[in-house]
Amino acid sequence: MDSQDTAPPRAVVTVAARKGRPEGPPEKQVEEERRERIRRQAEEASYQLGKELPESVLRLRRLLRKAIRASIASRKRFMVVVSGSDPVKVGVATASIIIFYESVVRGIRGRSHISVLYAFNEQHEDSQLRKELVKRSVKERCNITRLTITKAEDARRYLGTTYQGLVLDLVNDLKPNRIGILTGIVEGGGFIILQAPAWDDWDTQVTEFKSNLVVPGHEQPRHVFITWFKKKLLEHNRNIFIVDLDNDRLISGEPIEPTLPKSRPIMVPSDSRLPEGLYKLALTQDQVEAIRVAEQLLEEPKEGARKKLVVITADRGRGKSCAAGIAMVGIGKLMADGRGRKVRIVVTSPDLENTQSLMELAARAFEALDVKAEAIKDRGLIVGFRSPKVTIKYVMPDEVPDVSADLVVIDEASGLPVPLLHRIWRSKSRILVASTIHGYEGAGRGFSVRFLGEVKSDPLTEVRTYEMEEPIRYAANDPIEEWLFDVLLLDAEPAELDEKDYEDIKSGNLSYLVIEPEELFFRKENLLRQIFGIYVQAHYRNEPDDLALIADAPHYSVRALLTSSGKAVSAALLAEEGGLDPETSRLLMNQDKTKGNIIPDRVIKHLRFPEFGPMRGWRIVRIATHPKVQDRGLGSRLLADIYEESVKRGYDWVGSGFGVNERLTRFWTRNGFQLIHISPDRNPVSGEYTVLVLKPISQAAKALTEAARRELKEKLLGSLHDTYRTMEPGVAVALLKAAGPLDSAIMPLSKLKLQRLWAYLYGTMTYETTNDVIREVVMSYWRRAPMDKGAIDEVEELAIVAKVLQGRFWKNVAAELNIGFEDALRTVKEAVRKLAKLYYGIDEASLEPLTSSDLGAPGP
């Protein structure tokens with residue numbers, strides 16, 4: 001029957017809904033019927049396991065017998081990709097592999113249990129059918145295998161857990177982040193099963209991930225990433241098997257040869273300060289050494305230093321977070337014993353889920369010390385501990401600088417932006433850091449290059465680092481880890497530059513790269529790795545999903561600068577936005593945002609300019625320069641090339657959004673971009689406000705940008721005492737200067753106000769009795785800024801923003817400027833004295849006493 005015949009008229013549906021009489025059976029009844037249908041199908045399909053399996057599965061099992069034995073002996077993992085269009089066949093094949101795995105394992109070592117995590121897509125009926133079929137089959141035919149069923153979208157909950165097997169349903173969706181997270185939970189000797197759609201059709205399937213990339217004006221996603229994914233599966237055929245059920249063929253796969261895993265004997269240091277029981281929780285000598293290095297936080301900083309920072313780094317799966325959790329508890333207890341008071345430890349991370357391995361080992365550390373500690377949980381996650389001498393609490397990253405702590409532990413520090421890491425470092429004296437070098441967390445080495453580089457050069461900070469290399473869950477050179485790093489570019493690095501490259505940079509002998517994703521992924525893989533490596537180095541939170549965005553988002557483009565030898569030295573990721581129809585633009589004023597149009601959405605909603613919607617432009621999602629050649633004008637050169645191309649394309653504007661800090665604000669404004677919007681709230685992870693900038697091209701965009709610039713400055717000046725009262729004064733100064741002048745006028749003051757101002761500057765009146773007049777003087781300076789550049793110095797600018805515009809307490813102003821209380825008072829007065837002289841000609845001998853005729857008369 002045609003679908004049109006079964007659909008009720010739109011008007012009938014509307015009326016029925018309004019009267020509370022939904023058409024058809026109730027939703028609960030529909031769901032129950034669906035579950036019963038799936039249950040019956042799974043029950044019928046499970047009988048196929050007792051029948052003859054496809055030849056491809058039988059061939060696979062013969063190979064798996066060898067692969068399982070070799071993997072267990074070598075502490076390495078194997079993976080099977082089960083592809084097919086029939087959910088029953090895929091479910092049966094999946095169940096048969098799990099059952100076969102159990103039979104082989106029991107024959108080898110008589111294991112007591114096998115834990116398998118099964119991640120499915122709840123909203124897809126075929127995924128539920130596969131799940132039910134496997135669940136029923138395993139329950140009926142396995143003795144020691146236990147399935148844990150979860151929704152694929154909840155993958156992050158399983159960070160830090162360990163399983164012997166994983167089934168991940170990719171039939172309806174392939175989200176790279178989930179693959180990066182979940183493959184890491186399987187231990188050596190275990191298996192991973194990826195369920196996939198028909199092998200030949202998979203490349204062009206519009207998955208959930210791809211459908212979310214579609215934006216107005218770009219109605220079809222590209223089909224690059226899955227082809228890349230398949231290519232890497234075929235390239236890494238050691239212990240990775242692919243079975244095509246539709247064509248009953250085993251596509252690839254070769255078992256590894258068994259090898260004895262190498263490991264160092266665990267030796268507990270004899271002269272350690274932490275109890276031996278804590279060291280016995282370590283699973284590798286690497287963990288022992290990491291805990292030993294962390295002990296140094298118990299010692300006072302070396303002469304001349306005020307802070308101590310211990311940094312533990314490793315690739316994923318080496319146990320760095322667990323080592324930090326063990327050390328944290330031991331250090332806290334000894335600190336409390338030595339100080340005779342309770343010690344407060346603050347734990348932070350980009351996500352609470354990231355800290356669960358650390359928290360679980362902390363719980364075991366309390367037990368090892370025979371300390372009663374109450375675990376505090378929120379929605380099943382540990383958020384802290386209470387014990388007689390030590391309290392541990394998880395705190396959101398942006399809140400850490402403002403809370404008191406004897407020790408701060410930062411887990412996955414590379415997932416935090418460098419400016420926030422700097423704030424935490426400046427505010428705390430003892431910090432223990434655990435950070436991933438390569439991993440699904442992305443977040444690369446902006447941490448290592450930018451943050452650690454500056455910290456190590458600070459004479460007031462004593463830094464100790466330790467890099468862990470020994471895997472815990474599986475042996476070194478694990479074939480699944482090698483595949484994962486390759487397919488998700490987890491180890492992508494910028495190119496190694498030579499003298500010729502440096503000469504090209506110095507002379508400007510660089511070419512502007514315009515390239516399509518297909519060419520980048522399949523014919524220029526080395527260049528892809530260089531560009532992605534630059535993104536990872538520069539940005540605090542790159543993820544595998546970002547790689548798939550580059551590949552498949554139809555509105556995304558990559559641009560770069562190359563040396564004559566073809567090496568990328570600066571790269572940008574661009575998103576085309578705008579081109580919205582007038583009706584959509586009008587609706588955006590009061591409705592939810594539209595996908596893929598961040599700048600048009602904010603401009604229309606906050607600035608009330610629906611005319612901006614139809615204008616088209618490029619939003620620069622990321623722009624980054626090779627870490628070895630930063631601050632040489634390469635980013636500006638790339639921006640100029642992007643702008644020139646935008647003009648040729650007929651765009652109306654080029655723009656960007658970023659977490660605001662002084663350095664970035666100067667970079668964008670120096671390149672001709674205007675500030676047009678600032679978020680009212682800080683990003684909860686980065687702790688930064690987000691700003692938007694535009695460089696207009698068309699006349700219409702120029703007029704709008706000018707109006708938006710002025711509005712932003714007015715808004716900021718009117719909100720610093722309220723919405724932006726906690727904004728860093730340095731950031732506020734940078735924004736107020738970058739926004740440009742509102743006008744050249746100087747606020748007129750009455751003769752009475754001028755007398756009061758003189759009395760503050762040269763007489764006996766205090767700031768508190770004159771702050772209304774002082775504010776008008778200061779407002780003149782900032783409304784004109786940066787016209788009066790040099791009238792007051794940088795410290796004075798910070799002081800008048802913090803005190804006069806933000807209304808902070810004097811002690812907070814002094815702390816912000818890192819000066820004494822009396823110095824803060826003098827700095828503000830000196831700044832106002834200079835401005836009063838400049839604007840009103842006031843000096844110590846300039847004013848005469850008032851007469852009655854002067855009252856109310858405006859001053860000069």
# chains A, B, ... in the order shown; residues from 1 in each chain; ligands from 1
>>> select_by_dssp(residues="range 402-634 of chain A", states="strand (DSSP E)", output="number ranges by chain")
A: 407-411, 430-436, 461-468, 511-515, 556-562, 568-578, 616-625
>>> residues_around(residues="range 307-309 of chain A", least_positions_apart="3", cutoff="8 Å", atoms="only C-alpha atoms", output="number ranges by chain")
A: 297, 301, 428-433, 460-464
>>> residues_around(residues="Arg77 in chain A", least_positions_apart="5", cutoff="9 Å", atoms="only C-alpha atoms", output="list in words")
Ala67, Ile68, Ser71, Ile72, Val186, Glu187, Gly188, Gly189, Gly190, Phe191, Ile192, Asn239, Tyr474, Ala475, Asp478, Pro479, Ile480 and Glu481 of chain A
>>> write_last_selection(atoms="N, CA and C atoms", output="JSON list (two decimals), in the first residue's frame")
[["chain", "number", "residue", "atom", "x", "y", "z"],
["A", 67, "ALA", "N", 44.16, -17.94, 16.27],
["A", 67, "ALA", "CA", 44.28, -16.55, 16.72],
["A", 67, "ALA", "C", 44.02, -16.42, 18.21],
["A", 68, "ILE", "N", 43.01, -17.14, 18.72],
["A", 68, "ILE", "CA", 42.68, -17.05, 20.15],
["A", 68, "ILE", "C", 43.83, -17.59, 20.99],
["A", 71, "SER", "N", 46.75, -15.16, 20.78],
["A", 71, "SER", "CA", 46.45, -13.89, 21.46],
["A", 71, "SER", "C", 46.54, -14.04, 22.97],
["A", 72, "ILE", "N", 46.04, -15.16, 23.49],
["A", 72, "ILE", "CA", 46.11, -15.39, 24.93],
["A", 72, "ILE", "C", 47.57, -15.56, 25.37],
["A", 186, "VAL", "N", 39.24, -3.58, 26.25],
["A", 186, "VAL", "CA", 39.44, -5.02, 26.10],
["A", 186, "VAL", "C", 40.88, -5.37, 26.44],
["A", 187, "GLU", "N", 41.05, -6.39, 27.29],
["A", 187, "GLU", "CA", 42.38, -6.77, 27.73],
["A", 187, "GLU", "C", 43.03, -7.75, 26.75],
["A", 188, "GLY", "N", 44.32, -7.98, 26.95],
["A", 188, "GLY", "CA", 45.05, -8.91, 26.11],
["A", 188, "GLY", "C", 44.45, -10.30, 26.14],
["A", 189, "GLY", "N", 44.41, -10.95, 24.98],
["A", 189, "GLY", "CA", 43.77, -12.25, 24.86],
["A", 189, "GLY", "C", 42.29, -12.16, 24.58],
["A", 190, "GLY", "N", 41.74, -10.94, 24.61],
["A", 190, "GLY", "CA", 40.32, -10.74, 24.39],
["A", 190, "GLY", "C", 39.98, -10.44, 22.95],
["A", 191, "PHE", "N", 38.68, -10.27, 22.68],
["A", 191, "PHE", "CA", 38.22, -10.06, 21.31],
["A", 191, "PHE", "C", 37.37, -8.80, 21.19],
["A", 192, "ILE", "N", 37.32, -8.30, 19.97],
["A", 192, "ILE", "CA", 36.44, -7.18, 19.60],
["A", 192, "ILE", "C", 35.68, -7.62, 18.36],
["A", 239, "ASN", "N", 45.59, -10.43, 12.86],
["A", 239, "ASN", "CA", 44.61, -10.59, 13.94],
["A", 239, "ASN", "C", 43.35, -9.75, 13.74],
["A", 474, "TYR", "N", 47.09, -4.92, 27.81],
["A", 474, "TYR", "CA", 47.56, -5.81, 26.76],
["A", 474, "TYR", "C", 49.04, -5.56, 26.53],
["A", 475, "ALA", "N", 49.67, -6.45, 25.77],
["A", 475, "ALA", "CA", 51.12, -6.38, 25.57],
["A", 475, "ALA", "C", 51.48, -5.28, 24.56],
["A", 478, "ASP", "N", 50.49, -4.41, 20.32],
["A", 478, "ASP", "CA", 49.18, -5.03, 20.13],
["A", 478, "ASP", "C", 48.63, -4.64, 18.76],
["A", 479, "PRO", "N", 48.21, -5.61, 17.93],
["A", 479, "PRO", "CA", 47.77, -5.28, 16.56],
["A", 479, "PRO", "C", 46.53, -4.40, 16.52],
["A", 480, "ILE", "N", 45.66, -4.50, 17.51],
["A", 480, "ILE", "CA", 44.45, -3.66, 17.52],
["A", 480, "ILE", "C", 44.82, -2.23, 17.86],
["A", 481, "GLU", "N", 45.74, -2.04, 18.79],
["A", 481, "GLU", "CA", 46.19, -0.67, 19.10],
["A", 481, "GLU", "C", 46.89, -0.06, 17.89]]
>>> closest_atom_pairs(of="range 452-558 of chain A", to="range 206-220 of chain A", cutoff="12 Å", atoms="only C-alpha atoms", output="CSV")
residue,atom,partner,partner_atom,distance
A:Asp545,CA,A:Phe209,CA,9.1
A:Asp546,CA,A:Leu213,CA,11.5
A:Ala548,CA,A:Lys210,CA,8.9
A:Leu549,CA,A:Leu213,CA,7.6
A:Ile550,CA,A:Leu213,CA,10.4
A:Ala551,CA,A:Lys210,CA,10.1
A:Asp552,CA,A:Lys210,CA,6.8
A:Ala553,CA,A:Leu213,CA,5.2
A:Pro554,CA,A:His218,CA,6.0
A:His555,CA,A:His218,CA,6.4
A:Tyr556,CA,A:Leu213,CA,9.6
>>> atom_distance(atom1="CA of Pro87 in chain A", atom2="CA of Lys66 in chain A")
27.6 Å
>>> atom_distance(atom1="CA of Pro419 in chain A", atom2="CA of Val733 in chain A")
16.6 Å
>>> residues_around(residues="Arg682 in chain A", least_positions_apart="4", cutoff="10 Å", atoms="only C-alpha atoms", output="PyMOL selection string")
chain A and resi 398+659-660+678+686-690+724+727
>>> write_last_selection(atoms="N, CA and C atoms", output="JSON list (two decimals), in the first residue's frame")
[["chain", "number", "residue", "atom", "x", "y", "z"],
["A", 398, "ASP", "N", 37.11, 24.83, 35.36],
["A", 398, "ASP", "CA", 37.14, 26.29, 35.45],
["A", 398, "ASP", "C", 36.93, 26.80, 36.86],
["A", 659, "GLY", "N", 37.74, 30.71, 22.20],
["A", 659, "GLY", "CA", 37.80, 31.03, 23.62],
["A", 659, "GLY", "C", 38.74, 32.20, 23.80],
["A", 660, "VAL", "N", 38.23, 33.27, 24.35],
["A", 660, "VAL", "CA", 38.97, 34.53, 24.31],
["A", 660, "VAL", "C", 40.11, 34.55, 25.32],
["A", 678, "ILE", "N", 30.09, 38.31, 22.23],
["A", 678, "ILE", "CA", 30.73, 37.59, 23.33],
["A", 678, "ILE", "C", 29.67, 36.84, 24.10],
["A", 686, "SER", "N", 36.75, 24.95, 29.35],
["A", 686, "SER", "CA", 37.90, 25.83, 29.15],
["A", 686, "SER", "C", 37.94, 26.97, 30.14],
["A", 687, "GLY", "N", 36.78, 27.33, 30.69],
["A", 687, "GLY", "CA", 36.74, 28.46, 31.60],
["A", 687, "GLY", "C", 36.86, 29.80, 30.88],
["A", 688, "GLU", "N", 36.72, 29.79, 29.55],
["A", 688, "GLU", "CA", 36.87, 31.02, 28.77],
["A", 688, "GLU", "C", 35.52, 31.47, 28.21],
["A", 689, "TYR", "N", 35.39, 32.76, 28.00],
["A", 689, "TYR", "CA", 34.26, 33.28, 27.26],
["A", 689, "TYR", "C", 34.52, 33.06, 25.77],
["A", 690, "THR", "N", 33.47, 32.84, 25.02],
["A", 690, "THR", "CA", 33.60, 32.65, 23.57],
["A", 690, "THR", "C", 33.27, 33.95, 22.86],
["A", 724, "TYR", "N", 30.07, 40.24, 33.45],
["A", 724, "TYR", "CA", 31.49, 39.96, 33.22],
["A", 724, "TYR", "C", 32.37, 40.43, 34.39],
["A", 727, "MET", "N", 35.47, 38.40, 34.73],
["A", 727, "MET", "CA", 36.36, 38.33, 33.58],
["A", 727, "MET", "C", 37.75, 38.82, 33.96]]
>>> select_by_dssp(residues="range 287-364 of chain A", states="alpha helix (DSSP H)", output="MDAnalysis selection string")
chainID A and resid 287:294 320:339 356:364
>>> write_last_selection(atoms="N, CA and C atoms", output="CSV table (one decimal), in the first residue's frame")
chain,number,residue,atom,x,y,z
A,287,GLN,N,54.2,1.8,36.7
A,287,GLN,CA,53.4,2.4,37.7
A,287,GLN,C,54.1,2.7,39.0
A,288,VAL,N,55.0,1.7,39.4
A,288,VAL,CA,55.8,1.9,40.6
A,288,VAL,C,56.6,3.2,40.5
A,289,GLU,N,57.3,3.3,39.4
A,289,GLU,CA,58.2,4.5,39.2
A,289,GLU,C,57.4,5.8,39.1
A,290,ALA,N,56.2,5.7,38.5
A,290,ALA,CA,55.3,6.9,38.5
A,290,ALA,C,54.9,7.4,39.9
A,291,ILE,N,54.5,6.4,40.7
A,291,ILE,CA,54.1,6.7,42.1
A,291,ILE,C,55.3,7.2,42.9
A,292,ARG,N,56.5,6.7,42.6
A,292,ARG,CA,57.7,7.1,43.3
A,292,ARG,C,58.0,8.6,42.9
A,293,VAL,N,57.9,8.9,41.7
A,293,VAL,CA,58.1,10.3,41.3
A,293,VAL,C,57.1,11.2,42.0
A,294,ALA,N,55.8,10.8,42.1
A,294,ALA,CA,54.8,11.6,42.7
A,294,ALA,C,55.1,11.9,44.1
A,320,LYS,N,48.3,5.4,33.9
A,320,LYS,CA,48.8,6.7,34.5
A,320,LYS,C,47.8,7.2,35.5
A,321,SER,N,46.5,7.2,35.1
A,321,SER,CA,45.5,7.7,36.0
A,321,SER,C,45.4,6.8,37.3
A,322,CYS,N,45.5,5.5,37.2
A,322,CYS,CA,45.5,4.6,38.3
A,322,CYS,C,46.7,4.9,39.2
A,323,ALA,N,47.9,5.2,38.6
A,323,ALA,CA,49.1,5.5,39.4
A,323,ALA,C,48.8,6.8,40.2
A,324,ALA,N,48.2,7.8,39.5
A,324,ALA,CA,47.9,9.1,40.2
A,324,ALA,C,46.9,8.9,41.3
A,325,GLY,N,45.9,8.0,41.1
A,325,GLY,CA,45.0,7.8,42.2
A,325,GLY,C,45.6,7.2,43.4
A,326,ILE,N,46.5,6.2,43.2
A,326,ILE,CA,47.2,5.6,44.3
A,326,ILE,C,48.1,6.6,45.1
A,327,ALA,N,48.9,7.3,44.3
A,327,ALA,CA,49.8,8.3,44.9
A,327,ALA,C,49.0,9.4,45.6
A,328,MET,N,47.9,9.8,45.0
A,328,MET,CA,47.1,10.9,45.6
A,328,MET,C,46.7,10.6,47.1
A,329,VAL,N,46.2,9.4,47.3
A,329,VAL,CA,45.8,9.0,48.6
A,329,VAL,C,46.9,9.0,49.6
A,330,GLY,N,48.0,8.3,49.2
A,330,GLY,CA,49.2,8.2,50.0
A,330,GLY,C,49.8,9.6,50.4
A,331,ILE,N,49.9,10.4,49.4
A,331,ILE,CA,50.4,11.8,49.7
A,331,ILE,C,49.5,12.6,50.6
A,332,GLY,N,48.2,12.5,50.4
A,332,GLY,CA,47.3,13.2,51.2
A,332,GLY,C,47.4,12.7,52.7
A,333,LYS,N,47.5,11.4,52.9
A,333,LYS,CA,47.6,10.9,54.3
A,333,LYS,C,48.8,11.4,55.0
A,334,LEU,N,50.0,11.3,54.3
A,334,LEU,CA,51.2,11.8,54.9
A,334,LEU,C,51.2,13.3,55.1
A,335,MET,N,50.6,14.0,54.2
A,335,MET,CA,50.5,15.5,54.4
A,335,MET,C,49.7,15.8,55.7
A,336,ALA,N,48.6,15.1,55.8
A,336,ALA,CA,47.7,15.3,57.0
A,336,ALA,C,48.5,14.9,58.3
A,337,ASP,N,49.2,13.8,58.3
A,337,ASP,CA,50.0,13.4,59.4
A,337,ASP,C,51.0,14.4,59.8
A,338,GLY,N,51.7,15.0,58.8
A,338,GLY,CA,52.7,16.0,59.1
A,338,GLY,C,52.2,17.3,59.5
A,339,ARG,N,51.0,17.7,59.0
A,339,ARG,CA,50.5,19.0,59.3
A,339,ARG,C,49.5,19.0,60.5
A,356,GLN,N,37.2,8.1,36.6
A,356,GLN,CA,36.8,6.9,37.4
A,356,GLN,C,37.9,5.9,37.6
A,357,SER,N,38.8,5.7,36.7
A,357,SER,CA,39.9,4.8,37.0
A,357,SER,C,40.7,5.4,38.2
A,358,LEU,N,41.0,6.7,38.2
A,358,LEU,CA,41.7,7.3,39.3
A,358,LEU,C,41.0,7.1,40.6
A,359,MET,N,39.6,7.4,40.6
A,359,MET,CA,38.8,7.3,41.8
A,359,MET,C,38.8,5.9,42.3
A,360,GLU,N,38.7,4.9,41.4
A,360,GLU,CA,38.6,3.5,41.9
A,360,GLU,C,39.9,3.0,42.5
A,361,LEU,N,41.0,3.5,42.0
A,361,LEU,CA,42.3,3.1,42.6
A,361,LEU,C,42.5,3.9,43.9
A,362,ALA,N,41.9,5.1,44.0
A,362,ALA,CA,42.0,5.8,45.2
A,362,ALA,C,41.2,5.0,46.3
A,363,ALA,N,40.1,4.5,46.0
A,363,ALA,CA,39.3,3.7,46.9
A,363,ALA,C,40.1,2.5,47.4
A,364,ARG,N,40.8,1.8,46.5
A,364,ARG,CA,41.6,0.7,46.8
A,364,ARG,C,42.8,1.1,47.7
>>> residues_around(residues="range 30-41 of chain A", least_positions_apart="6", cutoff="8 Å", atoms="only C-alpha atoms", output="PyMOL selection string")
chain A and resi 125+128-129+132
>>> write_last_selection(atoms="N, CA, C and O atoms", output="mmCIF file, in the first residue's frame")
data_model
loop_
_atom_site.group_PDB
_atom_site.id
_atom_site.type_symbol
_atom_site.label_atom_id
_atom_site.label_comp_id
_atom_site.auth_asym_id
_atom_site.auth_seq_id
_atom_site.Cartn_x
_atom_site.Cartn_y
_atom_site.Cartn_z
ATOM 1 N N GLU A 125 15.507 -0.762 15.318
ATOM 2 C CA GLU A 125 14.923 -2.064 15.611
ATOM 3 C C GLU A 125 15.845 -3.203 15.195
ATOM 4 O O GLU A 125 15.930 -4.227 15.876
ATOM 5 N N GLN A 128 18.361 -3.728 17.875
ATOM 6 C CA GLN A 128 17.769 -4.423 19.009
ATOM 7 C C GLN A 128 17.616 -5.910 18.727
ATOM 8 O O GLN A 128 17.814 -6.743 19.617
ATOM 9 N N LEU A 129 17.282 -6.246 17.490
ATOM 10 C CA LEU A 129 17.148 -7.660 17.119
ATOM 11 C C LEU A 129 18.490 -8.377 17.234
ATOM 12 O O LEU A 129 18.570 -9.479 17.793
ATOM 13 N N GLU A 132 19.214 -8.833 20.971
ATOM 14 C CA GLU A 132 18.402 -9.844 21.616
ATOM 15 C C GLU A 132 18.814 -11.249 21.189
ATOM 16 O O GLU A 132 18.841 -12.183 22.002
#
>>> residues_around(residues="Ile99 in chain A", least_positions_apart="6", cutoff="8 Å", atoms="only C-alpha atoms", output="PDB file with C-alpha atoms, in the first residue's frame")
ATOM      1  CA  VAL A 138      24.881 -16.578  24.897  1.00  0.00           C
ATOM      2  CA  ARG A 141      24.804 -21.854  25.104  1.00  0.00           C
ATOM      3  CA  CYS A 142      27.538 -20.276  27.242  1.00  0.00           C
TER       4      CYS A 142
END
>>> closest_residue(among="A:Lys500, A:Arg559, A:Arg784, A:Arg264", to="Pro517 in chain A", atoms="only C-alpha atoms")
A:Arg559
>>> closest_residue(among="A:Leu761, A:Val514, A:Val243, A:Leu278", to="Ser846 in chain A", atoms="only C-alpha atoms")
A:Leu761
>>> closest_residue(among="A:Asp652, A:Asp743, A:Glu496, A:Glu728", to="Lys713 in chain A", atoms="only C-alpha atoms")
A:Asp743
>>> residues_around(residues="Glu662 in chain A", least_positions_apart="6", cutoff="10 Å", atoms="only C-alpha atoms", output="list of chain:residue names")
A:Glu728, A:Pro729, A:Gly730, A:Val731, A:Ala732, A:Val733, A:Ala734, A:Leu735, A:Ala738
>>> write_last_selection(atoms="N, CA and C atoms", output="compact mmCIF listing (two decimals), in the first residue's frame")
# COMPACT_ATOMS: atom_id res chain seq x y z
N GLU A 728 38.78 38.14 33.48
CA GLU A 728 40.14 38.56 33.76
C GLU A 728 40.34 39.98 33.23
N PRO A 729 40.85 40.90 34.05
CA PRO A 729 41.04 42.27 33.59
C PRO A 729 41.87 42.37 32.32
N GLY A 730 42.87 41.49 32.16
CA GLY A 730 43.67 41.51 30.94
C GLY A 730 42.85 41.21 29.71
N VAL A 731 41.91 40.27 29.85
CA VAL A 731 41.03 39.93 28.73
C VAL A 731 40.10 41.10 28.44
N ALA A 732 39.55 41.70 29.49
CA ALA A 732 38.66 42.85 29.30
C ALA A 732 39.38 44.00 28.60
N VAL A 733 40.61 44.27 29.01
CA VAL A 733 41.40 45.34 28.37
C VAL A 733 41.61 45.03 26.90
N ALA A 734 41.96 43.77 26.60
CA ALA A 734 42.21 43.39 25.21
C ALA A 734 40.95 43.56 24.37
N LEU A 735 39.79 43.17 24.91
CA LEU A 735 38.54 43.28 24.17
C LEU A 735 38.14 44.74 23.97
N ALA A 738 40.36 46.13 21.31
CA ALA A 738 40.11 45.52 20.01
C ALA A 738 38.80 45.99 19.40
